[in-house]
$ cat target.txt   # compact mmCIF, C-alpha atoms and all ligand atoms
# COMPACT_ATOMS: atom_id res chain seq x y z
CA MET A 246 0.71 37.16 -19.68
CA ILE A 247 -0.04 35.43 -16.37
CA PRO A 248 2.21 36.90 -13.66
CA MET A 249 4.51 34.16 -12.33
CA THR A 250 4.00 34.53 -8.59
CA THR A 251 3.98 32.04 -5.76
CA THR A 252 1.26 31.90 -3.15
CA GLU A 253 1.34 34.79 -0.70
CA GLY A 254 4.38 34.31 1.48
CA GLY A 255 5.49 31.26 -0.56
CA LYS A 256 9.19 30.83 -1.28
CA ARG A 257 10.63 29.77 -4.63
CA SER A 258 13.38 27.19 -4.83
CA ALA A 259 16.46 27.96 -6.96
CA ARG A 260 15.19 25.41 -9.47
CA GLN A 261 11.78 27.13 -9.72
CA THR A 262 13.49 30.50 -10.22
CA ARG A 263 15.66 29.08 -13.04
CA ALA A 264 12.58 27.53 -14.66
CA MET A 265 10.70 30.83 -14.45
CA GLN A 266 13.56 32.65 -16.18
CA ALA A 267 13.40 30.19 -19.10
CA PHE A 268 9.61 30.07 -19.44
CA PRO A 269 7.10 30.85 -20.75
CA THR A 270 8.31 31.00 -24.31
CA ALA A 271 7.03 33.92 -26.40
CA GLU A 272 4.45 31.62 -28.08
CA THR A 273 3.17 30.36 -24.73
CA ALA A 274 3.00 33.87 -23.31
CA ASP A 275 0.93 34.96 -26.33
CA ALA A 276 -1.41 32.00 -25.91
CA LEU A 277 -1.84 32.65 -22.17
CA ALA A 278 -2.55 36.31 -22.86
CA THR A 279 -5.68 35.26 -24.75
CA PHE A 280 -7.25 34.47 -21.35
CA PRO A 281 -7.56 38.05 -20.06
CA ASP A 282 -9.69 37.04 -17.06
CA ASN A 283 -6.78 35.06 -15.63
CA ALA A 284 -4.35 37.94 -15.86
CA ALA A 285 -6.44 40.05 -13.48
CA LEU A 286 -6.69 37.37 -10.77
CA ASP A 287 -4.29 36.41 -7.98
CA LEU A 288 -2.87 32.89 -7.80
CA ARG A 289 -5.24 31.71 -5.06
CA THR A 290 -8.29 32.73 -7.13
CA ARG A 291 -6.86 31.24 -10.33
CA PHE A 292 -6.16 27.99 -8.45
CA ARG A 293 -9.70 27.76 -7.04
CA THR A 294 -11.25 28.69 -10.40
CA SER A 295 -9.15 26.04 -12.15
CA LEU A 296 -10.29 23.39 -9.64
CA ARG A 297 -13.93 24.22 -10.40
CA MET A 298 -13.35 23.07 -13.98
CA LEU A 299 -12.35 19.53 -12.91
CA ALA A 300 -15.12 16.95 -13.02
CA SER A 301 -14.85 14.30 -10.28
CA THR A 302 -16.95 11.32 -9.29
CA VAL A 303 -18.65 12.01 -5.96
CA ALA A 304 -18.09 9.60 -3.07
CA LEU A 305 -19.18 9.24 0.54
CA VAL A 306 -16.20 8.47 2.74
CA THR A 307 -17.50 6.63 5.80
CA SER A 308 -15.99 5.23 8.96
CA ALA A 309 -17.09 4.04 12.41
CA HIS A 310 -15.64 4.00 15.89
CA ASP A 311 -17.03 3.15 19.33
CA ASN A 312 -20.39 2.15 17.83
CA ARG A 313 -20.75 5.54 16.16
CA ARG A 314 -20.83 6.20 12.42
CA GLY A 315 -19.58 9.20 10.50
CA GLY A 316 -19.09 10.19 6.92
CA MET A 317 -18.71 12.99 4.44
CA THR A 318 -19.18 13.80 0.79
CA ALA A 319 -15.79 13.83 -0.93
CA THR A 320 -14.32 14.26 -4.38
CA ALA A 321 -10.69 14.05 -3.28
CA ALA A 322 -10.72 10.23 -3.26
CA CYS A 323 -8.68 8.52 -5.92
CA SER A 324 -6.35 5.59 -6.61
CA LEU A 325 -2.65 5.83 -5.83
CA SER A 326 -1.29 2.46 -6.89
CA VAL A 327 -2.58 -0.86 -8.23
CA ASP A 328 0.31 -3.00 -7.02
CA PRO A 329 0.14 -2.76 -4.06
CA PRO A 330 -3.49 -1.56 -4.13
CA LEU A 331 -3.56 1.85 -2.45
CA MET A 332 -6.06 4.73 -2.37
CA ILE A 333 -5.75 8.37 -1.33
CA VAL A 334 -8.39 10.48 0.41
CA CYS A 335 -7.81 14.14 1.37
CA VAL A 336 -9.85 15.09 4.43
CA ASN A 337 -10.23 18.39 6.27
CA ARG A 338 -8.76 17.94 9.75
CA ARG A 339 -11.66 19.89 11.31
CA SER A 340 -14.27 17.47 9.96
CA ARG A 341 -15.73 14.80 12.19
CA THR A 342 -15.03 12.16 9.55
CA HIS A 343 -11.33 12.87 10.02
CA GLY A 344 -11.66 11.89 13.69
CA PHE A 345 -13.48 8.65 12.83
CA MET A 346 -10.82 7.68 10.24
CA ARG A 347 -7.94 8.56 12.56
CA ASP A 348 -9.41 6.70 15.56
CA SER A 349 -10.62 3.57 13.75
CA ASP A 350 -7.71 3.33 11.25
CA ARG A 351 -10.10 2.31 8.48
CA PHE A 352 -12.62 3.77 6.08
CA CYS A 353 -14.85 2.99 3.12
CA ILE A 354 -15.15 4.99 -0.11
CA ASN A 355 -18.69 4.64 -1.48
CA TYR A 356 -18.86 5.97 -5.06
CA LEU A 357 -22.24 7.47 -5.89
CA GLY A 358 -24.61 7.15 -8.85
CA THR A 359 -26.85 9.88 -10.25
CA GLN A 360 -29.72 8.64 -8.04
CA HIS A 361 -27.75 9.61 -4.92
CA GLY A 362 -27.92 13.41 -5.17
CA GLU A 363 -29.87 13.76 -1.90
CA LEU A 364 -27.30 11.62 -0.05
CA ALA A 365 -24.44 13.69 -1.48
CA ARG A 366 -26.06 16.88 -0.21
CA LEU A 367 -26.83 15.42 3.23
CA PHE A 368 -23.28 14.11 3.75
CA ALA A 369 -21.87 17.54 2.83
CA ARG A 370 -23.79 19.13 5.72
CA GLN A 371 -22.54 19.86 9.20
CA LEU A 372 -25.03 18.07 11.48
CA GLU A 373 -25.43 18.09 15.27
CA ASP A 374 -25.12 14.31 15.28
CA SER A 375 -23.25 12.51 12.49
CA GLU A 376 -25.64 9.53 12.90
CA GLY A 377 -28.27 11.72 11.22
CA LYS A 378 -26.44 11.30 7.94
CA PHE A 379 -27.50 7.65 7.87
CA SER A 380 -31.22 8.49 8.15
CA ILE A 381 -31.65 8.02 4.39
CA GLY A 382 -30.10 5.49 2.01
CA SER A 383 -29.57 1.76 2.08
CA TRP A 384 -26.81 1.22 4.65
CA GLY A 385 -25.10 -1.88 6.02
CA ILE A 386 -21.95 -2.59 8.04
CA SER A 387 -19.13 -4.38 6.24
CA ALA A 388 -16.97 -7.22 7.55
CA PHE A 389 -14.37 -4.56 8.42
CA GLY A 390 -16.88 -2.54 10.43
CA ASN A 391 -17.32 0.31 7.96
CA PRO A 392 -20.72 1.79 7.01
CA ILE A 393 -21.29 0.63 3.44
CA LEU A 394 -23.82 1.98 0.93
CA LEU A 395 -25.42 -1.16 -0.48
CA ASP A 396 -26.62 0.33 -3.79
CA SER A 397 -23.53 2.41 -4.56
CA LEU A 398 -21.66 2.33 -7.86
CA ALA A 399 -18.62 0.76 -6.20
CA THR A 400 -17.16 0.50 -2.73
CA ILE A 401 -13.49 0.43 -1.79
CA GLU A 402 -12.60 -0.38 1.81
CA CYS A 403 -9.25 0.61 3.21
CA GLY A 404 -7.11 0.31 6.30
CA VAL A 405 -5.10 3.46 7.06
CA HIS A 406 -1.56 2.83 5.82
CA ARG A 407 -0.24 6.33 6.43
CA ARG A 408 -1.51 9.82 7.24
CA LEU A 409 0.21 12.98 6.06
CA ASP A 410 -0.90 16.36 7.43
CA GLU A 411 -0.61 19.19 4.90
CA GLY A 412 -2.31 22.59 5.07
CA THR A 413 -5.88 22.29 6.30
CA HIS A 414 -6.15 18.62 5.29
CA SER A 415 -4.74 15.17 5.97
CA VAL A 416 -3.91 12.82 3.13
CA PHE A 417 -4.98 9.35 4.17
CA ILE A 418 -3.21 6.63 2.20
CA GLY A 419 -5.31 3.49 2.48
CA THR A 420 -4.38 -0.12 1.85
CA VAL A 421 -7.27 -1.65 -0.07
CA LEU A 422 -8.90 -4.39 2.03
CA ASP A 423 -11.85 -5.07 -0.24
CA ALA A 424 -13.41 -3.64 -3.39
CA ALA A 425 -16.71 -4.35 -5.11
CA THR A 426 -18.67 -3.07 -8.07
CA ARG A 427 -22.22 -2.87 -6.80
CA ARG A 428 -24.60 -1.35 -9.26
CA ASP A 429 -24.48 -0.59 -12.96
CA CYS A 430 -25.51 3.07 -12.90
CA ASP A 431 -24.18 6.41 -14.10
CA PRO A 432 -21.66 8.07 -11.78
CA LEU A 433 -22.66 11.25 -9.96
CA VAL A 434 -20.20 13.93 -11.02
CA TYR A 435 -19.35 17.27 -9.38
CA VAL A 436 -18.17 20.08 -11.65
CA GLN A 437 -18.31 23.88 -11.62
CA GLY A 438 -19.94 23.92 -8.20
CA GLY A 439 -22.82 21.57 -9.01
CA PHE A 440 -23.81 17.93 -9.37
CA ALA A 441 -24.03 16.62 -12.93
CA ARG A 442 -24.37 13.48 -14.99
CA LEU A 443 -22.11 12.45 -17.85
CA ALA A 444 -23.56 13.22 -21.25
CA GLY A 445 -21.61 10.33 -22.80
CA ALA A 446 -18.13 10.20 -24.25
CA ASN A 447 -16.50 8.74 -27.34
C1 LIG B 501 -19.02 17.84 -3.87
C2 LIG B 501 -18.30 17.97 -2.55
C3 LIG B 501 -17.05 17.40 -2.41
C4 LIG B 501 -16.35 17.52 -1.21
N1 LIG B 501 -15.12 16.93 -1.12
C5 LIG B 501 -14.44 17.00 0.05
C6 LIG B 501 -13.17 16.35 0.17
O1 LIG B 501 -12.67 15.71 -0.75
N2 LIG B 501 -12.52 16.46 1.37
C7 LIG B 501 -13.04 17.17 2.43
O2 LIG B 501 -12.40 17.25 3.50
N3 LIG B 501 -14.27 17.77 2.35
C8 LIG B 501 -14.97 17.68 1.19
N4 LIG B 501 -16.23 18.26 1.11
C9 LIG B 501 -16.80 18.92 2.31
C10 LIG B 501 -17.44 17.91 3.31
O3 LIG B 501 -18.36 17.06 2.67
C11 LIG B 501 -18.18 18.68 4.41
O4 LIG B 501 -17.26 19.51 5.09
C12 LIG B 501 -18.90 17.79 5.43
O5 LIG B 501 -19.76 18.58 6.24
C13 LIG B 501 -17.98 17.04 6.38
O6 LIG B 501 -18.80 16.31 7.25
P1 LIG B 501 -18.28 15.83 8.69
O7 LIG B 501 -19.48 15.28 9.41
O8 LIG B 501 -17.12 14.94 8.53
O9 LIG B 501 -17.72 17.12 9.36
P2 LIG B 501 -18.53 18.33 10.09
O10 LIG B 501 -18.52 18.07 11.55
O11 LIG B 501 -19.83 18.50 9.40
O12 LIG B 501 -17.56 19.54 9.78
C14 LIG B 501 -17.56 20.08 8.47
C15 LIG B 501 -16.78 21.38 8.41
O13 LIG B 501 -17.41 22.34 9.22
C16 LIG B 501 -16.44 23.14 9.82
N5 LIG B 501 -16.54 23.02 11.28
C17 LIG B 501 -16.64 21.91 12.01
N6 LIG B 501 -16.71 22.20 13.30
C18 LIG B 501 -16.64 23.55 13.38
C19 LIG B 501 -16.67 24.47 14.44
N7 LIG B 501 -16.77 24.07 15.69
N8 LIG B 501 -16.59 25.78 14.14
C20 LIG B 501 -16.50 26.20 12.87
N9 LIG B 501 -16.49 25.37 11.83
C21 LIG B 501 -16.54 24.08 12.08
C22 LIG B 501 -15.09 22.69 9.36
O14 LIG B 501 -14.67 23.47 8.26
C23 LIG B 501 -15.36 21.29 8.91
O15 LIG B 501 -14.50 20.89 7.88
C24 LIG B 501 -16.94 18.19 -0.10
C25 LIG B 501 -18.20 18.75 -0.24
C26 LIG B 501 -18.88 18.65 -1.45
C27 LIG B 501 -20.26 19.24 -1.58

$ encode --input "target.txt" --output "structure tokens" --more "lines below"
Ligand SMILES: Cc1cc2nc3c(=O)[nH]c(=O)nc-3n(C[C@H](O)[C@H](O)[C@H](O)COP(=O)(O)OP(=O)(O)OC[C@H]3O[C@@H](n4cnc5c(N)ncnc54)[C@H](O)[C@@H]3O)c2cc1C
Amino acid sequence: MIPMTTTEGGKRSARQTRAMQAFPTAETADALATFPDNAALDLRTRFRTSLRMLASTVALVTSAHDNRRGGMTATAACSLSVDPPLMIVCVNRRSRTHGFMRDSDRFCINYLGTQHGELARLFARQLEDSEGKFSIGSWGISAFGNPILLDSLATIECGVHRRLDEGTHSVFIGTVLDAATRRDCDPLVYVQGGFARLAGAN
């Protein structure tokens, strides 16, 4: 059975404690016990290992301020609401891209295709000068002033609606200013610590 612990130092609410007393049922406990690797790991490791199993489309989140461009590879970029159209991006506060997004109040999410592996690796690097990230790829500047990858799968441009600081990251909630499907190609996916392409689904 997986030990029901909170994160180190985390506190349980009364509701969580009541829920833990009622669950798991005997059947669930038996089923969970069939994953012996989990039982030996602490919550932090189980959490990180679980996240590795999630496949996400890779994006480059870009922004510009004071005639400078910045951007980063990101998988924590997804839709929040269709009406009104809102997106969420979770960004490490120590990254330079965070500073660009905070200072300019806008950003662009450029979703990548399988041909963009080199770009994904470059934008995940910590460079002396963030301009160096734009040394490869087909880049333009949008009407909103964001760096935009012209041959991306899709681009979604946002104005910062709200920023919430949690843990090491900020959650940027963006109001969608423009969206475009650009190229009919397979999405670049990140799963289990590596880039991958979809094998097809039914
Ligand atoms: C597939 C994939 C998905 C990713 N998804 C996300 C995501 O959703 N959100 C996210 O925030 N990141 C994500 N990253 C990581 C991100 O792409 C990289 O951190 C990238 O280098 C950020 O670029 P930057 O120019 O904005 O920041 P950089 O200036 O390159 O900083 C990058 C990181 O380096 C460290 N750093 C910066 N300055 C210092 C310093 N002075 N001393 C010590 N360390 C320092 C910090 O941890 C900082 O976050 C992802 C990476 C990959 C490969």

$ atom_distance --input "target.txt" --atom1 "atom CA of A:Arg407" --atom2 "atom CA of A:Cys323"
15.1 Å

$ closest_atom_pairs --input "target.txt" --of "chain A" --to "ligand LIG 501 (chain B)" --cutoff "7 Å" --atoms "only C-alpha atoms and all ligand atoms" --output "Markdown table"
| residue | atom | partner | partner_atom | distance |
| --- | --- | --- | --- | --- |
| A:Val303 | CA | B:LIG501 | C1 | 6.2 |
| A:Gly315 | CA | B:LIG501 | O7 | 6.2 |
| A:Gly316 | CA | B:LIG501 | O8 | 5.4 |
| A:Met317 | CA | B:LIG501 | O6 | 4.4 |
| A:Thr318 | CA | B:LIG501 | O3 | 3.9 |
| A:Ala319 | CA | B:LIG501 | N1 | 3.2 |
| A:Thr320 | CA | B:LIG501 | O1 | 4.2 |
| A:Ala321 | CA | B:LIG501 | O1 | 3.6 |
| A:Ala322 | CA | B:LIG501 | O1 | 6.3 |
| A:Val334 | CA | B:LIG501 | O1 | 6.9 |
| A:Cys335 | CA | B:LIG501 | N2 | 5.3 |
| A:Val336 | CA | B:LIG501 | O2 | 3.5 |
| A:Asn337 | CA | B:LIG501 | O2 | 3.7 |
| A:Arg338 | CA | B:LIG501 | O15 | 6.7 |
| A:Arg339 | CA | B:LIG501 | O15 | 4.6 |
| A:Ser340 | CA | B:LIG501 | O9 | 3.5 |
| A:Arg341 | CA | B:LIG501 | O8 | 3.9 |
| A:Thr342 | CA | B:LIG501 | O8 | 3.6 |
| A:His343 | CA | B:LIG501 | O8 | 6.3 |
| A:Ala365 | CA | B:LIG501 | C27 | 6.9 |
| A:Arg366 | CA | B:LIG501 | C27 | 6.4 |
| A:Phe368 | CA | B:LIG501 | O3 | 5.8 |
| A:Ala369 | CA | B:LIG501 | O3 | 3.5 |
| A:Arg370 | CA | B:LIG501 | O5 | 4.1 |
| A:Gln371 | CA | B:LIG501 | O11 | 3.0 |
| A:Leu372 | CA | B:LIG501 | O11 | 5.6 |
| A:Ser375 | CA | B:LIG501 | O7 | 5.6 |
| A:His414 | CA | B:LIG501 | O2 | 6.6 |
| A:Tyr435 | CA | B:LIG501 | C1 | 5.5 |

$ residues_around --input "target.txt" --residues "A:Arg313" --least-positions-apart "3" --cutoff "12 Å" --atoms "only C-alpha atoms" --output "list in words"
Thr307, Ser308, Ala309, His310, Gly316, Arg341, Thr342, Gly344, Phe345, Met346, Asp348, Ser349, Asp374, Ser375, Glu376, Gly377, Lys378, Phe379, Ile386, Gly390, Asn391 and Pro392 of chain A

$ residues_around --input "target.txt" --residues "A:Leu296" --least-positions-apart "4" --cutoff "12 Å" --atoms "all atoms listed in the file" --output "number ranges by chain"
A: 289-292, 300-301, 320-321, 435-438

$ atom_distance --input "target.txt" --atom1 "atom CA of A:Thr426" --atom2 "atom CA of A:Cys353"
13.3 Å

$ closest_residue --input "target.txt" --among "A:Ile381, A:Ile333, A:Ala274, A:Ile401" --to "A:Gly362" --atoms "all atoms listed in the file"
A:Ile381

$ atom_distance --input "target.txt" --atom1 "atom CA of A:Gly439" --atom2 "atom CA of A:Trp384"
24.8 Å

$ residues_near_point --input "target.txt" --point "(-22.1, -5.4, -7.3)" --cutoff "10 Å" --atoms "only C-alpha atoms" --output "ChimeraX atom specification"
/A:395-400,424-429

$ closest_residue --input "target.txt" --among "A:Tyr356, A:Leu422, A:Gly412, A:Glu373" --to "A:Ser387" --atoms "only C-alpha atoms"
A:Leu422

$ closest_residue --input "target.txt" --among "A:Arg314, A:Glu402, A:Thr270, A:Ala276" --to "A:Ser380" --atoms "all atoms listed in the file"
A:Arg314

$ residues_around --input "target.txt" --residues "A:Val327" --least-positions-apart "4" --cutoff "10 Å" --atoms "only C-alpha atoms" --output "mmCIF file with C-alpha atoms, in the frame of the given file"
data_model
loop_
_atom_site.group_PDB
_atom_site.id
_atom_site.type_symbol
_atom_site.label_atom_id
_atom_site.label_comp_id
_atom_site.auth_asym_id
_atom_site.auth_seq_id
_atom_site.Cartn_x
_atom_site.Cartn_y
_atom_site.Cartn_z
ATOM 1 C CA LEU A 331 -3.560 1.850 -2.450
ATOM 2 C CA MET A 332 -6.060 4.730 -2.370
ATOM 3 C CA VAL A 421 -7.270 -1.650 -0.070
#

$ axis_aligned_box --input "target.txt" --around "stretch 343-359 of chain A" --padding-each-side "3 Å" --output "AutoDock Vina command-line options"
--center_x -17.3 --center_y 7.6 --center_z 2.7 --size_x 25.1 --size_y 16.6 --size_z 31.8

$ closest_residue --input "target.txt" --among "A:Met298, A:Leu305, A:Ala259, A:Leu286" --to "A:Leu433" --atoms "only C-alpha atoms"
A:Leu305

$ decode --input "target.txt" --residues "stretch 276-397 of chain A" --atoms "C-alpha atoms" --output "PDB file, in the first residue's frame"
ATOM      1  CA  ALA A 276      -4.455  -2.803  -6.500  1.00  0.00           C
ATOM      2  CA  LEU A 277      -1.949  -0.131  -5.399  1.00  0.00           C
ATOM      3  CA  ALA A 278       0.174  -2.776  -3.700  1.00  0.00           C
ATOM      4  CA  THR A 279       0.782  -4.359  -7.102  1.00  0.00           C
ATOM      5  CA  PHE A 280       3.121  -1.417  -7.846  1.00  0.00           C
ATOM      6  CA  PRO A 281       5.903  -2.308  -5.392  1.00  0.00           C
ATOM      7  CA  ASP A 282       8.295   0.317  -6.788  1.00  0.00           C
ATOM      8  CA  ASN A 283       5.964   3.087  -5.637  1.00  0.00           C
ATOM      9  CA  ALA A 284       5.755   1.815  -2.084  1.00  0.00           C
ATOM     10  CA  ALA A 285       9.496   2.282  -1.575  1.00  0.00           C
ATOM     11  CA  LEU A 286       9.569   5.902  -2.793  1.00  0.00           C
ATOM     12  CA  ASP A 287       8.815   9.158  -0.986  1.00  0.00           C
ATOM     13  CA  LEU A 288       6.035  11.440  -2.223  1.00  0.00           C
ATOM     14  CA  ARG A 289       8.367  13.892  -3.963  1.00  0.00           C
ATOM     15  CA  THR A 290       9.961  11.085  -6.011  1.00  0.00           C
ATOM     16  CA  ARG A 291       6.588   9.492  -6.800  1.00  0.00           C
ATOM     17  CA  PHE A 292       5.297  12.896  -7.931  1.00  0.00           C
ATOM     18  CA  ARG A 293       8.272  13.532 -10.231  1.00  0.00           C
ATOM     19  CA  THR A 294       8.151   9.983 -11.605  1.00  0.00           C
ATOM     20  CA  SER A 295       4.430  10.326 -12.296  1.00  0.00           C
ATOM     21  CA  LEU A 296       5.020  13.602 -14.177  1.00  0.00           C
ATOM     22  CA  ARG A 297       7.557  11.858 -16.425  1.00  0.00           C
ATOM     23  CA  MET A 298       4.764   9.621 -17.703  1.00  0.00           C
ATOM     24  CA  LEU A 299       2.702  12.565 -19.016  1.00  0.00           C
ATOM     25  CA  ALA A 300       3.125  13.335 -22.703  1.00  0.00           C
ATOM     26  CA  SER A 301       2.882  17.057 -23.524  1.00  0.00           C
ATOM     27  CA  THR A 302       3.187  19.078 -26.706  1.00  0.00           C
ATOM     28  CA  VAL A 303       6.368  21.150 -26.599  1.00  0.00           C
ATOM     29  CA  ALA A 304       6.121  24.926 -27.013  1.00  0.00           C
ATOM     30  CA  LEU A 305       8.468  27.899 -27.083  1.00  0.00           C
ATOM     31  CA  VAL A 306       7.125  30.676 -24.889  1.00  0.00           C
ATOM     32  CA  THR A 307       8.532  33.955 -26.210  1.00  0.00           C
ATOM     33  CA  SER A 308       8.325  37.584 -25.226  1.00  0.00           C
ATOM     34  CA  ALA A 309      10.144  40.868 -25.884  1.00  0.00           C
ATOM     35  CA  HIS A 310      10.871  44.032 -23.967  1.00  0.00           C
ATOM     36  CA  ASP A 311      13.066  47.076 -24.612  1.00  0.00           C
ATOM     37  CA  ASN A 312      14.058  45.755 -28.051  1.00  0.00           C
ATOM     38  CA  ARG A 313      15.306  42.498 -26.535  1.00  0.00           C
ATOM     39  CA  ARG A 314      13.851  39.039 -27.132  1.00  0.00           C
ATOM     40  CA  GLY A 315      13.671  36.087 -24.794  1.00  0.00           C
ATOM     41  CA  GLY A 316      12.094  32.692 -24.734  1.00  0.00           C
ATOM     42  CA  MET A 317      12.118  29.228 -23.282  1.00  0.00           C
ATOM     43  CA  THR A 318      11.057  25.685 -24.035  1.00  0.00           C
ATOM     44  CA  ALA A 319       7.914  24.872 -22.061  1.00  0.00           C
ATOM     45  CA  THR A 320       5.437  22.062 -21.636  1.00  0.00           C
ATOM     46  CA  ALA A 321       3.401  23.751 -18.898  1.00  0.00           C
ATOM     47  CA  ALA A 322       1.372  25.784 -21.406  1.00  0.00           C
ATOM     48  CA  CYS A 323      -2.266  24.869 -21.768  1.00  0.00           C
ATOM     49  CA  SER A 324      -5.766  26.284 -22.198  1.00  0.00           C
ATOM     50  CA  LEU A 325      -7.759  27.478 -19.206  1.00  0.00           C
ATOM     51  CA  SER A 326     -11.030  28.647 -20.720  1.00  0.00           C
ATOM     52  CA  VAL A 327     -12.618  29.065 -24.151  1.00  0.00           C
ATOM     53  CA  ASP A 328     -15.134  31.732 -23.177  1.00  0.00           C
ATOM     54  CA  PRO A 329     -13.415  34.016 -22.366  1.00  0.00           C
ATOM     55  CA  PRO A 330     -10.332  32.657 -24.186  1.00  0.00           C
ATOM     56  CA  LEU A 331      -7.612  32.217 -21.569  1.00  0.00           C
ATOM     57  CA  MET A 332      -4.323  30.299 -21.455  1.00  0.00           C
ATOM     58  CA  ILE A 333      -2.048  29.283 -18.579  1.00  0.00           C
ATOM     59  CA  VAL A 334       1.752  29.122 -18.628  1.00  0.00           C
ATOM     60  CA  CYS A 335       3.816  28.074 -15.582  1.00  0.00           C
ATOM     61  CA  VAL A 336       7.232  29.728 -15.609  1.00  0.00           C
ATOM     62  CA  ASN A 337      10.196  29.425 -13.244  1.00  0.00           C
ATOM     63  CA  ARG A 338      10.686  32.815 -11.582  1.00  0.00           C
ATOM     64  CA  ARG A 339      14.483  32.539 -11.967  1.00  0.00           C
ATOM     65  CA  SER A 340      14.268  32.223 -15.751  1.00  0.00           C
ATOM     66  CA  ARG A 341      14.923  35.219 -17.957  1.00  0.00           C
ATOM     67  CA  THR A 342      11.710  34.573 -19.867  1.00  0.00           C
ATOM     68  CA  HIS A 343       9.819  35.261 -16.650  1.00  0.00           C
ATOM     69  CA  GLY A 344      11.337  38.750 -16.571  1.00  0.00           C
ATOM     70  CA  PHE A 345      10.391  39.427 -20.199  1.00  0.00           C
ATOM     71  CA  MET A 346       6.784  38.290 -19.618  1.00  0.00           C
ATOM     72  CA  ARG A 347       6.456  40.272 -16.390  1.00  0.00           C
ATOM     73  CA  ASP A 348       7.933  43.468 -17.867  1.00  0.00           C
ATOM     74  CA  SER A 349       6.164  43.413 -21.238  1.00  0.00           C
ATOM     75  CA  ASP A 350       2.822  42.011 -19.982  1.00  0.00           C
ATOM     76  CA  ARG A 351       2.517  39.818 -23.067  1.00  0.00           C
ATOM     77  CA  PHE A 352       3.817  36.589 -24.535  1.00  0.00           C
ATOM     78  CA  CYS A 353       3.431  34.154 -27.403  1.00  0.00           C
ATOM     79  CA  ILE A 354       3.116  30.367 -27.159  1.00  0.00           C
ATOM     80  CA  ASN A 355       4.641  28.767 -30.265  1.00  0.00           C
ATOM     81  CA  TYR A 356       3.697  25.069 -30.452  1.00  0.00           C
ATOM     82  CA  LEU A 357       6.387  22.960 -32.093  1.00  0.00           C
ATOM     83  CA  GLY A 358       6.351  20.249 -34.757  1.00  0.00           C
ATOM     84  CA  THR A 359       8.645  17.233 -34.938  1.00  0.00           C
ATOM     85  CA  GLN A 360      11.027  19.188 -37.212  1.00  0.00           C
ATOM     86  CA  HIS A 361      11.763  21.619 -34.360  1.00  0.00           C
ATOM     87  CA  GLY A 362      13.814  19.362 -32.068  1.00  0.00           C
ATOM     88  CA  GLU A 363      16.947  21.522 -32.375  1.00  0.00           C
ATOM     89  CA  LEU A 364      14.973  24.664 -31.457  1.00  0.00           C
ATOM     90  CA  ALA A 365      13.436  22.904 -28.444  1.00  0.00           C
ATOM     91  CA  ARG A 366      16.894  21.959 -27.182  1.00  0.00           C
ATOM     92  CA  LEU A 367      18.338  25.446 -27.788  1.00  0.00           C
ATOM     93  CA  PHE A 368      15.480  27.218 -25.975  1.00  0.00           C
ATOM     94  CA  ALA A 369      15.919  24.897 -22.977  1.00  0.00           C
ATOM     95  CA  ARG A 370      19.515  26.084 -22.549  1.00  0.00           C
ATOM     96  CA  GLN A 371      20.791  28.811 -20.279  1.00  0.00           C
ATOM     97  CA  LEU A 372      22.654  31.190 -22.620  1.00  0.00           C
ATOM     98  CA  GLU A 373      24.820  34.244 -21.902  1.00  0.00           C
ATOM     99  CA  ASP A 374      22.567  36.312 -24.150  1.00  0.00           C
ATOM    100  CA  SER A 375      18.938  35.303 -24.719  1.00  0.00           C
ATOM    101  CA  GLU A 376      19.154  36.790 -28.260  1.00  0.00           C
ATOM    102  CA  GLY A 377      21.292  33.756 -29.137  1.00  0.00           C
ATOM    103  CA  LYS A 378      18.185  31.599 -28.965  1.00  0.00           C
ATOM    104  CA  PHE A 379      16.898  33.283 -32.128  1.00  0.00           C
ATOM    105  CA  SER A 380      20.015  32.383 -34.143  1.00  0.00           C
ATOM    106  CA  ILE A 381      18.184  29.451 -35.740  1.00  0.00           C
ATOM    107  CA  GLY A 382      14.578  29.110 -36.910  1.00  0.00           C
ATOM    108  CA  SER A 383      12.234  31.246 -38.948  1.00  0.00           C
ATOM    109  CA  TRP A 384      11.355  34.165 -36.664  1.00  0.00           C
ATOM    110  CA  GLY A 385       9.205  37.254 -37.114  1.00  0.00           C
ATOM    111  CA  ILE A 386       7.686  39.881 -34.813  1.00  0.00           C
ATOM    112  CA  SER A 387       3.908  39.865 -34.442  1.00  0.00           C
ATOM    113  CA  ALA A 388       1.564  42.854 -34.419  1.00  0.00           C
ATOM    114  CA  PHE A 389       1.664  42.630 -30.605  1.00  0.00           C
ATOM    115  CA  GLY A 390       5.460  42.764 -30.541  1.00  0.00           C
ATOM    116  CA  ASN A 391       6.074  39.119 -29.646  1.00  0.00           C
ATOM    117  CA  PRO A 392       8.706  36.935 -31.349  1.00  0.00           C
ATOM    118  CA  ILE A 393       6.689  34.486 -33.444  1.00  0.00           C
ATOM    119  CA  LEU A 394       7.885  31.231 -35.018  1.00  0.00           C
ATOM    120  CA  LEU A 395       6.577  31.440 -38.567  1.00  0.00           C
ATOM    121  CA  ASP A 396       6.549  27.694 -39.321  1.00  0.00           C
ATOM    122  CA  SER A 397       5.188  26.517 -35.960  1.00  0.00           C
TER     123      SER A 397
END
